[in-house]
Structure formats: C-alpha cells, structure tokens
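*Asks:* The structure file protein.cif (mmCIF, C-alpha atoms) is provided below.
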data_query
#
loop_
_atom_site.group_PDB
_atom_site.id
_atom_site.type_symbol
_atom_site.label_atom_id
_atom_site.label_comp_id
_atom_site.auth_asym_id
_atom_site.auth_seq_id
_atom_site.Cartn_x
_atom_site.Cartn_y
_atom_site.Cartn_z
ATOM 1 C CA MET A 1 38.660 8.232 94.606
ATOM 2 C CA SER A 2 36.142 11.088 94.849
ATOM 3 C CA GLU A 3 34.711 11.847 98.274
ATOM 4 C CA THR A 4 31.598 13.607 96.914
ATOM 5 C CA TRP A 5 29.487 10.615 97.986
ATOM 6 C CA ARG A 6 29.844 11.659 101.601
ATOM 7 C CA PRO A 7 27.116 13.702 103.372
ATOM 8 C CA THR A 8 27.691 17.434 103.591
ATOM 9 C CA ALA A 9 26.764 17.481 107.304
ATOM 10 C CA ALA A 10 28.421 15.504 110.078
ATOM 11 C CA ILE A 11 26.518 12.457 111.316
ATOM 12 C CA GLU A 12 26.345 13.879 114.848
ATOM 13 C CA THR A 13 24.822 17.068 113.425
ATOM 14 C CA LEU A 14 22.199 15.005 111.592
ATOM 15 C CA ARG A 15 21.362 13.218 114.845
ATOM 16 C CA LYS A 16 20.824 16.608 116.513
ATOM 17 C CA ARG A 17 18.729 17.662 113.511
ATOM 18 C CA ALA A 18 16.472 14.655 114.117
ATOM 19 C CA GLU A 19 16.017 15.770 117.728
ATOM 20 C CA LEU A 20 15.084 19.274 116.550
ATOM 21 C CA LEU A 21 12.524 17.795 114.161
ATOM 22 C CA ASP A 22 10.995 15.895 117.079
ATOM 23 C CA ARG A 23 10.889 19.090 119.145
ATOM 24 C CA THR A 24 9.277 20.972 116.278
ATOM 25 C CA ARG A 25 6.499 18.390 115.954
ATOM 26 C CA ALA A 26 6.008 18.380 119.736
ATOM 27 C CA PHE A 27 5.474 22.156 119.636
ATOM 28 C CA PHE A 28 2.495 21.681 117.311
ATOM 29 C CA HIS A 29 1.142 18.545 118.924
ATOM 30 C CA ASP A 30 1.013 20.400 122.273
ATOM 31 C CA ARG A 31 -1.185 22.994 120.537
ATOM 32 C CA ASN A 32 -3.471 20.410 118.906
ATOM 33 C CA ILE A 33 -2.439 21.518 115.423
ATOM 34 C CA VAL A 34 -2.823 18.706 112.898
ATOM 35 C CA GLU A 35 0.105 17.477 110.821
ATOM 36 C CA VAL A 36 -0.753 16.998 107.132
ATOM 37 C CA GLN A 37 1.074 15.794 104.034
ATOM 38 C CA THR A 38 0.438 17.068 100.509
ATOM 39 C CA SER A 39 1.957 16.314 97.101
ATOM 40 C CA THR A 40 5.498 17.332 96.232
ATOM 41 C CA LEU A 41 4.704 17.087 92.502
ATOM 42 C CA ASP A 42 1.671 18.865 91.051
ATOM 43 C CA ARG A 43 0.360 20.153 87.734
ATOM 44 C CA PHE A 44 0.796 23.848 88.629
ATOM 45 C CA GLY A 45 3.567 26.043 89.954
ATOM 46 C CA VAL A 46 3.350 29.688 91.026
ATOM 47 C CA THR A 47 3.326 32.945 89.068
ATOM 48 C CA ASP A 48 5.522 34.797 91.597
ATOM 49 C CA VAL A 49 8.306 36.507 89.656
ATOM 50 C CA ALA A 50 10.815 35.891 92.466
ATOM 51 C CA ILE A 51 10.373 32.101 92.247
ATOM 52 C CA GLU A 52 11.314 29.764 89.407
ATOM 53 C CA ASN A 53 9.817 26.317 89.752
ATOM 54 C CA VAL A 54 11.651 23.089 88.979
ATOM 55 C CA GLU A 55 9.723 21.396 86.175
ATOM 56 C CA VAL A 56 9.633 17.617 85.692
ATOM 57 C CA ALA A 57 9.024 16.825 82.021
ATOM 58 C CA ASP A 58 5.668 15.137 81.381
ATOM 59 C CA HIS A 59 4.853 15.062 85.092
ATOM 60 C CA GLY A 60 4.396 18.616 86.384
ATOM 61 C CA VAL A 61 6.173 20.920 88.809
ATOM 62 C CA LEU A 62 8.063 20.261 92.037
ATOM 63 C CA GLN A 63 6.350 22.491 94.558
ATOM 64 C CA SER A 64 8.112 25.607 95.838
ATOM 65 C CA SER A 65 5.791 25.473 98.855
ATOM 66 C CA PRO A 66 2.830 23.373 100.009
ATOM 67 C CA GLU A 67 0.819 26.592 100.384
ATOM 68 C CA TYR A 68 -1.806 26.094 97.685
ATOM 69 C CA GLN A 69 -2.585 22.491 98.572
ATOM 70 C CA MET A 70 -2.736 23.191 102.305
ATOM 71 C CA LYS A 71 -5.169 26.042 101.711
ATOM 72 C CA ARG A 72 -7.254 23.673 99.591
ATOM 73 C CA LEU A 73 -7.400 21.408 102.653
ATOM 74 C CA LEU A 74 -8.536 24.353 104.788
ATOM 75 C CA ALA A 75 -11.251 25.205 102.248
ATOM 76 C CA ALA A 76 -12.414 21.573 102.467
ATOM 77 C CA GLY A 77 -12.733 21.738 106.270
ATOM 78 C CA MET A 78 -9.296 20.890 107.693
ATOM 79 C CA PRO A 79 -8.629 22.565 111.075
ATOM 80 C CA SER A 80 -5.412 24.438 111.903
ATOM 81 C CA CYS A 81 -2.556 22.416 110.434
ATOM 82 C CA PHE A 82 1.160 22.251 109.738
ATOM 83 C CA GLN A 83 3.482 20.390 107.397
ATOM 84 C CA ILE A 84 7.230 19.694 107.298
ATOM 85 C CA CYS A 85 8.267 18.888 103.743
ATOM 86 C CA PRO A 86 10.826 19.387 100.979
ATOM 87 C CA ALA A 87 10.406 22.476 98.806
ATOM 88 C CA PHE A 88 12.136 23.220 95.511
ATOM 89 C CA ARG A 89 13.289 26.420 93.815
ATOM 90 C CA LYS A 90 15.312 26.514 90.634
ATOM 91 C CA GLY A 91 18.726 28.171 90.702
ATOM 92 C CA GLU A 92 18.854 28.871 94.445
ATOM 93 C CA VAL A 93 22.219 27.544 95.626
ATOM 94 C CA GLY A 94 24.546 29.293 98.051
ATOM 95 C CA ARG A 95 25.523 29.633 101.684
ATOM 96 C CA TRP A 96 21.925 30.078 102.860
ATOM 97 C CA HIS A 97 20.092 28.699 99.827
ATOM 98 C CA ASN A 98 19.641 25.249 98.341
ATOM 99 C CA ASN A 99 17.496 24.227 95.385
ATOM 100 C CA GLU A 100 15.845 21.664 97.683
ATOM 101 C CA PHE A 101 15.244 22.630 101.290
ATOM 102 C CA THR A 102 12.983 21.811 104.234
ATOM 103 C CA MET A 103 9.978 24.032 104.791
ATOM 104 C CA LEU A 104 7.612 24.237 107.730
ATOM 105 C CA GLU A 105 4.254 25.540 106.490
ATOM 106 C CA TRP A 106 1.697 26.357 109.177
ATOM 107 C CA TYR A 107 -1.886 27.703 109.129
ATOM 108 C CA GLU A 108 -4.090 28.677 112.050
ATOM 109 C CA LEU A 109 -7.783 29.477 111.846
ATOM 110 C CA ASP A 110 -9.365 32.503 113.511
ATOM 111 C CA VAL A 111 -6.164 34.091 114.799
ATOM 112 C CA THR A 112 -4.819 37.575 114.232
ATOM 113 C CA LEU A 113 -1.498 38.254 112.566
ATOM 114 C CA ASP A 114 -0.140 39.478 115.924
ATOM 115 C CA GLU A 115 -1.177 36.196 117.538
ATOM 116 C CA LEU A 116 0.592 34.200 114.827
ATOM 117 C CA MET A 117 3.707 36.350 115.234
ATOM 118 C CA ALA A 118 3.711 35.577 118.960
ATOM 119 C CA ALA A 119 3.447 31.845 118.169
ATOM 120 C CA VAL A 120 6.323 32.068 115.671
ATOM 121 C CA ALA A 121 8.457 33.841 118.290
ATOM 122 C CA ALA A 122 7.556 31.052 120.743
ATOM 123 C CA LEU A 123 8.671 28.418 118.218
ATOM 124 C CA ALA A 124 12.016 30.194 117.774
ATOM 125 C CA ASP A 125 12.434 30.376 121.567
ATOM 126 C CA HIS A 126 11.550 26.675 121.788
ATOM 127 C CA LEU A 127 14.205 25.644 119.263
ATOM 128 C CA ILE A 128 17.078 28.097 119.697
ATOM 129 C CA GLY A 129 16.498 29.700 123.099
ATOM 130 C CA PRO A 130 14.633 32.822 124.226
ATOM 131 C CA GLN A 131 15.480 36.335 123.085
ATOM 132 C CA PRO A 132 13.366 39.500 122.816
ATOM 133 C CA VAL A 133 12.023 40.353 119.372
ATOM 134 C CA VAL A 134 12.024 43.920 118.018
ATOM 135 C CA THR A 135 9.278 44.957 115.589
ATOM 136 C CA LYS A 136 10.086 47.357 112.742
ATOM 137 C CA THR A 137 8.018 48.450 109.787
ATOM 138 C CA VAL A 138 9.521 48.330 106.299
ATOM 139 C CA PHE A 139 9.201 52.117 106.204
ATOM 140 C CA GLU A 140 11.199 52.498 109.447
ATOM 141 C CA LEU A 141 13.856 50.090 108.225
ATOM 142 C CA LEU A 142 14.441 51.715 104.821
ATOM 143 C CA GLN A 143 13.963 55.275 106.037
ATOM 144 C CA ASP A 144 16.545 54.826 108.795
ATOM 145 C CA SER A 145 19.028 52.948 106.588
ATOM 146 C CA PHE A 146 18.737 54.691 103.215
ATOM 147 C CA ASP A 147 16.274 57.598 103.560
ATOM 148 C CA ILE A 148 13.878 55.767 101.216
ATOM 149 C CA ASP A 149 10.093 55.689 101.486
ATOM 150 C CA PRO A 150 9.077 52.220 100.185
ATOM 151 C CA HIS A 151 5.420 53.259 99.896
ATOM 152 C CA ARG A 152 6.205 56.139 97.538
ATOM 153 C CA PRO A 153 9.435 54.917 95.972
ATOM 154 C CA ASP A 154 11.536 56.786 93.459
ATOM 155 C CA GLU A 155 12.573 53.886 91.211
ATOM 156 C CA LYS A 156 15.668 55.599 89.849
ATOM 157 C CA LEU A 157 16.892 56.479 93.362
ATOM 158 C CA CYS A 158 16.171 52.973 94.678
ATOM 159 C CA LEU A 159 18.119 51.390 91.826
ATOM 160 C CA GLU A 160 21.045 53.765 92.384
ATOM 161 C CA VAL A 161 21.173 53.092 96.138
ATOM 162 C CA ALA A 162 20.869 49.334 95.609
ATOM 163 C CA SER A 163 23.683 49.433 93.066
ATOM 164 C CA ALA A 164 25.872 51.389 95.508
ATOM 165 C CA GLU A 165 25.100 48.726 98.141
ATOM 166 C CA GLY A 166 26.348 45.995 95.811
ATOM 167 C CA LEU A 167 23.320 44.805 93.826
ATOM 168 C CA GLN A 168 24.247 43.787 90.296
ATOM 169 C CA GLY A 169 21.812 43.287 87.437
ATOM 170 C CA ALA A 170 18.710 44.730 89.123
ATOM 171 C CA ARG A 171 15.730 44.329 86.809
ATOM 172 C CA ASP A 172 13.313 46.820 88.337
ATOM 173 C CA LEU A 173 12.053 48.491 91.514
ATOM 174 C CA HIS A 174 10.961 45.179 93.074
ATOM 175 C CA ASP A 175 14.499 43.794 92.873
ATOM 176 C CA ALA A 176 15.945 46.988 94.345
ATOM 177 C CA ILE A 177 13.522 47.110 97.290
ATOM 178 C CA ASP A 178 14.022 43.401 98.072
ATOM 179 C CA PHE A 179 17.782 43.862 98.048
ATOM 180 C CA LEU A 180 17.705 47.019 100.187
ATOM 181 C CA ILE A 181 15.498 45.324 102.778
ATOM 182 C CA GLY A 182 17.950 42.437 102.986
ATOM 183 C CA SER A 183 20.915 44.795 103.129
ATOM 184 C CA ALA A 184 19.367 46.866 105.929
ATOM 185 C CA LEU A 185 18.433 43.768 107.939
ATOM 186 C CA ALA A 186 21.969 42.398 107.641
ATOM 187 C CA LYS A 187 23.208 45.522 109.407
ATOM 188 C CA LEU A 188 21.034 44.890 112.465
ATOM 189 C CA GLY A 189 23.449 42.278 113.804
ATOM 190 C CA SER A 190 22.180 39.661 116.238
ATOM 191 C CA GLU A 191 18.757 41.189 116.863
ATOM 192 C CA ARG A 192 15.593 39.182 116.321
ATOM 193 C CA VAL A 193 13.307 41.362 114.240
ATOM 194 C CA PHE A 194 9.740 41.142 113.053
ATOM 195 C CA LEU A 195 9.461 43.202 109.878
ATOM 196 C CA THR A 196 5.902 44.414 109.225
ATOM 197 C CA GLU A 197 3.778 46.712 107.041
ATOM 198 C CA TYR A 198 5.231 45.818 103.673
ATOM 199 C CA PRO A 199 4.238 48.045 100.747
ATOM 200 C CA SER A 200 1.106 46.822 98.965
ATOM 201 C CA TYR A 201 3.055 45.885 95.816
ATOM 202 C CA GLN A 202 4.827 43.247 97.944
ATOM 203 C CA ALA A 203 1.615 41.728 99.297
ATOM 204 C CA ALA A 204 2.033 38.368 97.481
ATOM 205 C CA LEU A 205 -0.973 36.427 98.880
ATOM 206 C CA ALA A 206 -1.526 38.590 101.941
ATOM 207 C CA LYS A 207 -4.479 40.881 102.521
ATOM 208 C CA THR A 208 -3.856 44.615 102.364
ATOM 209 C CA THR A 209 -5.235 47.410 104.496
ATOM 210 C CA GLN A 210 -5.103 51.198 104.616
ATOM 211 C CA HIS A 211 -2.760 52.719 107.202
ATOM 212 C CA GLY A 212 -3.222 56.454 107.072
ATOM 213 C CA ASP A 213 -2.741 57.487 103.473
ATOM 214 C CA VAL A 214 -0.831 54.366 102.361
ATOM 215 C CA GLU A 215 -1.910 50.795 101.646
ATOM 216 C CA VAL A 216 0.160 48.143 103.395
ATOM 217 C CA ALA A 217 0.336 44.363 103.167
ATOM 218 C CA LEU A 218 -0.721 42.373 106.226
ATOM 219 C CA ARG A 219 2.410 40.240 106.313
ATOM 220 C CA PHE A 220 5.560 39.862 108.375
ATOM 221 C CA GLU A 221 9.018 38.333 108.261
ATOM 222 C CA LEU A 222 11.009 37.046 111.214
ATOM 223 C CA VAL A 223 14.705 37.810 110.820
ATOM 224 C CA ILE A 224 17.351 36.391 113.148
ATOM 225 C CA ASN A 225 21.005 37.434 112.874
ATOM 226 C CA GLY A 226 20.171 39.150 109.574
ATOM 227 C CA LEU A 227 18.756 35.921 108.131
ATOM 228 C CA GLU A 228 15.144 35.590 106.981
ATOM 229 C CA ILE A 229 13.585 32.698 108.899
ATOM 230 C CA ALA A 230 9.814 33.035 108.492
ATOM 231 C CA ASN A 231 7.369 34.771 106.164
ATOM 232 C CA GLY A 232 3.758 35.085 107.337
ATOM 233 C CA TYR A 233 0.472 36.462 105.992
ATOM 234 C CA ASP A 234 -3.021 37.345 107.021
ATOM 235 C CA GLU A 235 -4.207 35.202 104.140
ATOM 236 C CA LEU A 236 -5.966 36.602 101.097
ATOM 237 C CA ARG A 237 -9.395 34.979 100.644
ATOM 238 C CA ASP A 238 -10.676 36.787 97.526
ATOM 239 C CA ALA A 239 -10.445 34.587 94.399
ATOM 240 C CA PHE A 240 -10.905 37.555 92.050
ATOM 241 C CA GLU A 241 -8.010 39.413 93.690
ATOM 242 C CA PHE A 242 -5.904 36.239 93.520
ATOM 243 C CA ARG A 243 -6.412 36.073 89.747
ATOM 244 C CA ARG A 244 -5.694 39.801 89.385
ATOM 245 C CA ARG A 245 -2.394 39.413 91.233
ATOM 246 C CA CYS A 246 -1.436 36.374 89.143
ATOM 247 C CA ASN A 247 -2.169 38.308 85.954
ATOM 248 C CA SER A 248 -0.075 41.190 87.287
ATOM 249 C CA ASP A 249 2.795 38.746 87.937
ATOM 250 C CA ASN A 250 2.579 37.546 84.338
ATOM 251 C CA VAL A 251 2.622 41.115 83.031
ATOM 252 C CA ARG A 252 5.831 41.711 84.974
ATOM 253 C CA ARG A 253 7.211 38.394 83.716
ATOM 254 C CA ALA A 254 6.635 39.548 80.151
ATOM 255 C CA GLN A 255 8.357 42.869 80.869
ATOM 256 C CA LEU A 256 11.376 40.985 82.213
ATOM 257 C CA GLY A 257 11.486 38.502 79.328
ATOM 258 C CA LEU A 258 10.374 35.579 81.503
ATOM 259 C CA PRO A 259 7.868 32.939 80.379
ATOM 260 C CA PRO A 260 4.292 33.309 81.664
ATOM 261 C CA LYS A 261 3.008 30.844 84.248
ATOM 262 C CA SER A 262 -0.369 29.123 84.353
ATOM 263 C CA ILE A 263 -2.713 30.077 87.175
ATOM 264 C CA ASP A 264 -3.479 27.207 89.556
ATOM 265 C CA THR A 265 -7.168 26.719 88.791
ATOM 266 C CA ASN A 266 -7.604 24.112 91.542
ATOM 267 C CA PHE A 267 -6.457 26.614 94.142
ATOM 268 C CA GLU A 268 -8.582 29.337 92.563
ATOM 269 C CA ALA A 269 -11.629 27.040 92.756
ATOM 270 C CA ALA A 270 -10.911 26.340 96.431
ATOM 271 C CA MET A 271 -10.760 30.083 97.129
ATOM 272 C CA THR A 272 -14.018 30.575 95.268
ATOM 273 C CA HIS A 273 -15.592 27.806 97.360
ATOM 274 C CA GLY A 274 -14.409 29.642 100.466
ATOM 275 C CA LEU A 275 -11.112 29.820 102.335
ATOM 276 C CA PRO A 276 -11.759 30.345 106.069
ATOM 277 C CA GLU A 277 -10.260 33.270 107.944
ATOM 278 C CA CYS A 278 -6.696 32.235 108.698
ATOM 279 C CA CYS A 279 -3.125 33.352 109.056
ATOM 280 C CA GLY A 280 -0.217 31.322 107.759
ATOM 281 C CA VAL A 281 3.561 31.257 107.825
ATOM 282 C CA ALA A 282 6.391 29.499 106.011
ATOM 283 C CA VAL A 283 9.518 28.776 108.065
ATOM 284 C CA GLY A 284 12.901 27.830 106.626
ATOM 285 C CA LEU A 285 13.693 24.952 108.979
ATOM 286 C CA ASP A 286 17.221 24.337 107.688
ATOM 287 C CA ARG A 287 18.132 27.935 108.535
ATOM 288 C CA LEU A 288 16.504 27.732 111.947
ATOM 289 C CA PHE A 289 18.285 24.445 112.696
ATOM 290 C CA ALA A 290 21.601 25.955 111.598
ATOM 291 C CA LEU A 291 21.116 28.786 114.083
ATOM 292 C CA ALA A 292 20.141 26.284 116.783
ATOM 293 C CA MET A 293 23.416 24.384 116.247
ATOM 294 C CA ASP A 294 25.647 27.437 115.670
ATOM 295 C CA LYS A 295 26.336 26.474 112.059
ATOM 296 C CA THR A 296 27.201 29.013 109.388
ATOM 297 C CA ALA A 297 25.704 27.488 106.221
ATOM 298 C CA LEU A 298 22.834 25.239 105.157
ATOM 299 C CA ARG A 299 25.232 22.568 103.932
ATOM 300 C CA ASP A 300 26.359 22.070 107.542
ATOM 301 C CA VAL A 301 22.890 20.832 108.596
ATOM 302 C CA MET A 302 21.724 19.051 105.422
ATOM 303 C CA ALA A 303 22.568 15.449 104.612
ATOM 304 C CA PHE A 304 23.251 16.124 100.932
ATOM 305 C CA ALA A 305 23.252 19.814 100.078
ATOM 306 C CA ALA A 306 24.030 20.995 96.572
ATOM 307 C CA ARG A 307 27.751 21.570 96.039
ATOM 308 C CA GLY A 308 27.395 24.648 93.832
ATOM 309 C CA GLU A 309 28.868 27.309 96.132
#
Transcribe the structure of this file into structure tokens.
*Replies:*
Amino acid sequence: MSETWRPTAAIETLRKRAELLDRTRAFFHDRNIVEVQTSTLDRFGVTDVAIENVEVADHGVLQSSPEYQMKRLLAAGMPSCFQICPAFRKGEVGRWHNNEFTMLEWYELDVTLDELMAAVAALADHLIGPQPVVTKTVFELLQDSFDIDPHRPDEKLCLEVASAEGLQGARDLHDAIDFLIGSALAKLGSERVFLTEYPSYQAALAKTTQHGDVEVALRFELVINGLEIANGYDELRDAFEFRRRCNSDNVRRAQLGLPPKSIDTNFEAAMTHGLPECCGVAVGLDRLFALAMDKTALRDVMAFAARGE
C-alpha cells in the first residue's frame, strides 16, 4: 500500500513548528502590531513576470502574497499590521520552494527602511538565535563576484556569465541578474546578509531614489546561509507609477511570449485614495523555521509538501 498519505514532516517537527508560530505572533504582539486576515482567493493576481499565479476556474486567483489587500487595509486606516497565511505560486516546487507555502507579511507605518531592517534582524534573532548581519549593496556583491555593474549592465556579458555559472534557458537580462545575485549569495556561506540598493529596474513596488549618478530601489533582502528569507520595501505610494510599472511588466510578458495580466484596479483605487507612508516585508516562514530546526528542505517542516522534487 502506498505511503504517500503520510505527512512529509515528522510529527515532533510539526509540534516545534507550532511553538515557532506562537513565538512569531508573540514578537508582534509585544510590539502592538495588529494581526489581520485577508482573502486567499481574489479576482486579481499580479503582473510581476517572475510570478505565475494559480488560477481557479470561475473563481479567481489564489494569492501569491497578501500584499495588495493588506495595503488596501492600510489605505482604509489600519495601523501597523502583520499576517501569517498561505501563499501560492505556480510551478515552484523544489528543495526550497513549494507551490503553496507560508508567508509572513508585515507593514509598519512611519518607519524608515533601516528601522524595518533592524526589526527583521530582531525577528531572525528571536527565532533562530542571534548573529551579526552584514550589509552589502547589489553593486558590491556583483562587482566582487563577477566584475559586473548591475546599474549599467552589459546584457550580453551578463547572459554569458550566468550561463557559465549554470543558468539554463535565460530569457533576458532580468533572469541573468536574478540568477547571478543568487549565485553570489550562495558563495557567502553562513553569513547573514542584508542586500540593499537594487537597480531601479528591480524596484517591483518599492520607491526609487538617486544615489550619485544611478537610480536605486529602496528595498532589501535578508539572506541567511545563502537562502533568501525576507524581501522588504519602502513602499511605493504613487498610483500612476504603479500602473506604469504594471504596463511595463505586461510589455515584458509579451516579449517573452507570456499572457498579459490584468491590473488590480481595487489596489490601484486604494493607492489613489492614499496609502500612508510605510515600509513592508514578506518573510518566507517555512524557510526560517527550517533554519531554526536545522532542516535542509521545506518538506522537512511542512505537513504536506509537494512531492515533485
């Protein structure tokens, strides 16, 4: 008889996971940050080329993140808030990926990006133990590793270097830069690293600013043991720029032979109404819990992970 009915994680591990969930909530409750719950299924997905939503016929889209709905709450007057929820991304199955995973999404009002980074580092210390965090810019990382300037990239060179590093089927510069960042971070070993000052073309929904003669995105990633744990932004508040970036995503989708995606008009309306000054971060809780329990794959900390490895 097949044993595929059994959980992918040990029961004792799942008991420890429950304790970590309690500790995570306590971290926010101690800071008077409100827990919220938004819809898992909604009419709209995202235009981001790096994300393919899971569609439910005649019902909508399983959310890849609660970001848009949580920002709608902020626009309506919600104070600083967090949410722990399932998130869904089509085709993402592997050692550190699952098509359904647990996301911590967290927004704080009237804080700087540096202040949010300090809070994220404190959460990591709270769950997996203290360790110093090194800060590197994307330029420093790629310049030191591959002699590449991500702000003035040579697409042909980036694709060649990424291919030599093992990337197969790169579609364009964005794929190459993403891969090279991941490859360079993997070589840093057990360091905890905040990666900052992304090139402006990787801003997603972060604000941008001018640093010297280059425009950089006000965003960061926390990487632990070469694994991306958190992705944070000084949040874009301009509805016109949001639509421009969505349209740009759809242009790239067309170039890559991907279907266009509808723009979330409810979120756009909330931004037009007025999103307060805030910074936000998404944390991959399954990954963080795996590190906390010295596990080497998501399946080891999830009750029923996909079996597609």
*Asks:* Taking only C-alpha atoms into account, name the residue in A:Ile148, A:Ile181, A:Thr137, A:Cys158 that is nearest to Leu195 in chain A.
*Replies:*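 Between A:Ile148, A:Ile181, A:Thr137, A:Cys158, the residue approaching Leu195 in chain A most closely is A:Thr137.
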*Asks:* Please, which residues in range 215-303 of chain A fall within 10 Å of range 81-95 of chain A when counting all atoms listed in the file, and what is the closest atom pair and distance in Å to one decimal for each, ordered by chain then residue number, as a Markdown table?
*Replies:*
| residue | atom | partner | partner_atom | distance |
| --- | --- | --- | --- | --- |
| A:Gly280 | CA | A:Phe82 | CA | 9.4 |
| A:Val281 | CA | A:Phe82 | CA | 9.5 |
| A:Ala282 | CA | A:Gln83 | CA | 9.7 |
| A:Val283 | CA | A:Ile84 | CA | 9.4 |
| A:Gly284 | CA | A:Ala87 | CA | 9.8 |
| A:Leu285 | CA | A:Ile84 | CA | 8.5 |
| A:Thr296 | CA | A:Arg95 | CA | 7.9 |
| A:Ala297 | CA | A:Arg95 | CA | 5.0 |
| A:Leu298 | CA | A:Arg95 | CA | 6.2 |
| A:Arg299 | CA | A:Arg95 | CA | 7.4 |
| A:Asp300 | CA | A:Arg95 | CA | 9.6 |
*Asks:* Taking only C-alpha atoms into account, name the residue in A:Lys295, A:Arg72, A:Lys156, A:His126 that is nearest to His273 in chain A.
*Replies:*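 Smallest distance to His273 in chain A is found for A:Arg72.
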*Asks:* Calculate how many Å separate CA of Ser39 in chain A from CA of Asn99 in chain A, rounding to one decimal.
*Replies:* 17.5 Å
*Asks:* Report the residues retrieved by the PyMOL selection byres ((chain A and resi 74-80) around 6) from the displayed file, expressed as a count of residues only.
*Replies:* 11
*Asks:* Starting from the displayed file, determine the output of the PyMOL selection byres ((chain A and resi 292) around 10) and express the residue list as a list of chain:residue names.
*Replies:* A:Lys16, A:Arg17, A:Leu20, A:Ala124, A:Asp125, A:His126, A:Leu127, A:Ile128, A:Gly129, A:Asp286, A:Arg287, A:Leu288, A:Phe289, A:Ala290, A:Leu291, A:Met293, A:Asp294, A:Lys295
*Asks:* Give me, please, the distance in Å between CA of Ser183 in chain A and CA of Leu167 in chain A, quoted to one decimal.
*Replies:*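 Calculated distance between CA of Ser183 in chain A and CA of Leu167 in chain A is 9.6 Å.
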*Asks:* For range 5-8 of chain A, work out the shell of residues within 12 Å, counting all atoms listed in the file and skipping chain neighbours fewer than 3 positions away, then give it as a list of chain:residue names.
*Replies:*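 Counting all atoms listed in the file, the residues come to A:Met1, A:Ser2, A:Ile11, A:Glu12, A:Thr13, A:Leu14, A:Ala297, A:Leu298, A:Arg299, A:Asp300, A:Val301, A:Met302, A:Ala303, A:Phe304, A:Ala305, A:Ala306, A:Arg307.
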